[in-house]
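K.L.:
Sharing a structure here in structure tokens format.
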Amino acid sequence: MVALTLAAKASDFSEPWKNADRALVIDAYEYNSIDWGQLATDKRVVGFINKASDGLPPPYFCSGDETEVRLCKALWKRHAVTRELFQTRKVVAKALGLKWGAYHLARPGNPVEQANNFIDFAEPAPDELMALDLEGNDPTQWISLEDAEEFVRQVHRRVGRFPVLYTNGKTAQYIADNRYQYRLLSRLPLWYARYKPDIDVHFPMGNWQGYALWQFSAQANCGRFRCPYRVAGTPNDIDVNVAPMNGDQLRAQWAFGGLIDVPTDYLASIPVPVSRADGLAGRFTITYADVATPPTFEEMVSVLGARWQRFRDGFRMPVVKTVPRRPRFGIADYVAWKRTEQRSTAQIEAAFAVAADPVSTASTELDRRRR
């Protein structure tokens, strides 16, 4: 039994797409042609992730000489057409029952502006996957890992969820080896890219215990005559991903959105100071103190609503649940009941029996004695 379990687990790290029970996901960019009718015939395909934004948004105002202005306008036209195609594909994919996702190709540049560009472009709904495409660890070509962490923070600030991290094995291993420094990237669900049939000895198991998705087929290993897996209605260079679960399980976990085994306030932490002597001697370990994240708008509304409810209830007459229901229970009856020290049923009945008349008060009793 143990051997069978281990073999089943190992299969997710060696050609899992050959297991008909494993769900598949397509990811595409704007130049991939899609025959949606043919694609829908492959029932293993559960999700579709489309490229959304790319680096920083194009400049809003065009300036410079004639060539620069023409280039600026061309970039804006491409941006508009790409976004229209993105939204059209989203409608079609969801109509076919596919789970939807979007990814941002991160490049050098302001990470906060890139995150805003991604969110404004994709307009992710709560049930849609978000992904940060980190193509490599060269900050001259791609976003730096430090900026990538700030990108993730900005996405969380605006959306309240985390993206999935897409990257290759080399970059994933570097993040895992330096997880004390990249405490946020190392805790994102991993979308792993490798085009060899196995990843068991290459996967950064010390940090991630498994992958959310494995991109196993792409232009790099899929051609006209040979391909790990062909999806009907898609070109040979389409990216195909496998999940370590079946379709129903993947639908239930989609769109991920959380950190791995770490509370949400993990993203807001500061290093604990060390003494100068220990720092010079090198005898210290960096530790972090958790800092509560700012409350969301929904949390503030909930708190203020609860405080207003308590304030309003202060002006209401208390509800006495232990008092038997009576045809009439006015303020005089309530006062008489409150004056009763013991609250047994017999004493409550006695309190009602001797209760003051609604028009009889202490002042009227004093007047009677004076007579």
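Letters for chains follow the order of the structure tokens (A, B, ...), residue numbers begin at 1 for each chain, and ligand numbers begin at 1 in the order shown.
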Quick one: residues within 12 Å of stretch 19-22 of chain A, only C-alpha atoms counted, chain neighbours fewer than 3 positions away excluded, as a count of residues only?
P.N.:
27
K.L.:
Find the spatial neighbours of A:Ser63, counting only C-alpha atoms, within a cut-off of 9 Å - ignore same-chain residues fewer than 5 positions away - and output them as a VMD selection string.
P.N.:
chain A and resid 68 to 69 72
K.L.:
Just the helix (DSSP H, G or I) stuff from stretch 128-192 of chain A, please, per backbone DSSP, written as a list in words.
P.N.:
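Helix (DSSP H, G or I) members of stretch 128-192 of chain A, listed: Leu145, Glu146, Asp147, Ala148, Glu149, Glu150, Phe151, Val152, Arg153, Gln154, Val155, His156, Arg157, Arg158, Val159, Gly169, Lys170, Thr171, Ala172, Gln173, Tyr174, Ile175, Ala176, Asp177, Leu185, Ser186 and Arg187 of chain A.
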K.L.:
At a cut-off of 7 Å, using only C-alpha atoms, what residues contact A:Asn236? Leave out same-chain residues fewer than 3 positions from it and give the result as a list of chain:residue names.
P.N.:
A:Gln219, A:Cys222, A:Gly223, A:Arg224
K.L.:
Could you save the residues just selected, with all heavy atoms, as a JSON list (two decimals), in the first residue's frame?
P.N.:
```json
[["chain", "number", "residue", "atom", "x", "y", "z"],
["A", 219, "GLN", "N", 6.34, 25.74, -27.33],
["A", 219, "GLN", "CA", 7.05, 25.74, -28.59],
["A", 219, "GLN", "C", 8.42, 25.07, -28.49],
["A", 219, "GLN", "O", 8.93, 24.50, -29.46],
["A", 219, "GLN", "CB", 7.21, 27.18, -29.09],
["A", 219, "GLN", "CG", 7.78, 27.30, -30.50],
["A", 219, "GLN", "CD", 7.85, 28.75, -30.96],
["A", 219, "GLN", "OE1", 7.79, 29.66, -30.14],
["A", 219, "GLN", "NE2", 7.97, 28.95, -32.26],
["A", 222, "CYS", "N", 7.37, 21.13, -28.60],
["A", 222, "CYS", "CA", 6.20, 20.67, -29.34],
["A", 222, "CYS", "C", 6.28, 21.18, -30.77],
["A", 222, "CYS", "O", 6.33, 22.40, -31.01],
["A", 222, "CYS", "CB", 4.91, 21.15, -28.68],
["A", 222, "CYS", "SG", 3.40, 20.56, -29.49],
["A", 223, "GLY", "N", 6.33, 20.28, -31.71],
["A", 223, "GLY", "CA", 6.40, 20.65, -33.11],
["A", 223, "GLY", "C", 5.37, 19.93, -33.94],
["A", 223, "GLY", "O", 4.40, 19.37, -33.42],
["A", 224, "ARG", "N", 5.59, 19.92, -35.23],
["A", 224, "ARG", "CA", 4.62, 19.32, -36.14],
["A", 224, "ARG", "C", 4.53, 17.81, -35.98],
["A", 224, "ARG", "O", 3.44, 17.23, -36.10],
["A", 224, "ARG", "CB", 5.01, 19.68, -37.58],
["A", 224, "ARG", "CG", 4.07, 19.12, -38.64],
["A", 224, "ARG", "CD", 4.51, 19.54, -40.01],
["A", 224, "ARG", "NE", 3.65, 18.97, -41.04],
["A", 224, "ARG", "CZ", 3.84, 19.14, -42.35],
["A", 224, "ARG", "NH1", 4.88, 19.86, -42.78],
["A", 224, "ARG", "NH2", 3.01, 18.58, -43.23]]
```
K.L.:
What's around A:Leu105 at 8 Å? Count only C-alpha atoms, leave out sequence neighbours fewer than 6 positions away in its own chain, and write the answer as number ranges by chain.
P.N.:
A: 51-55, 132-135
K.L.:
When DSSP works through the backbone of this structure, what residues of stretch 52-225 of chain A end up as strand (DSSP E or B), shown as a ChimeraX atom specification?
P.N.:
/A:52-54,99-105,129-133,164-168,190-193,198,213-217
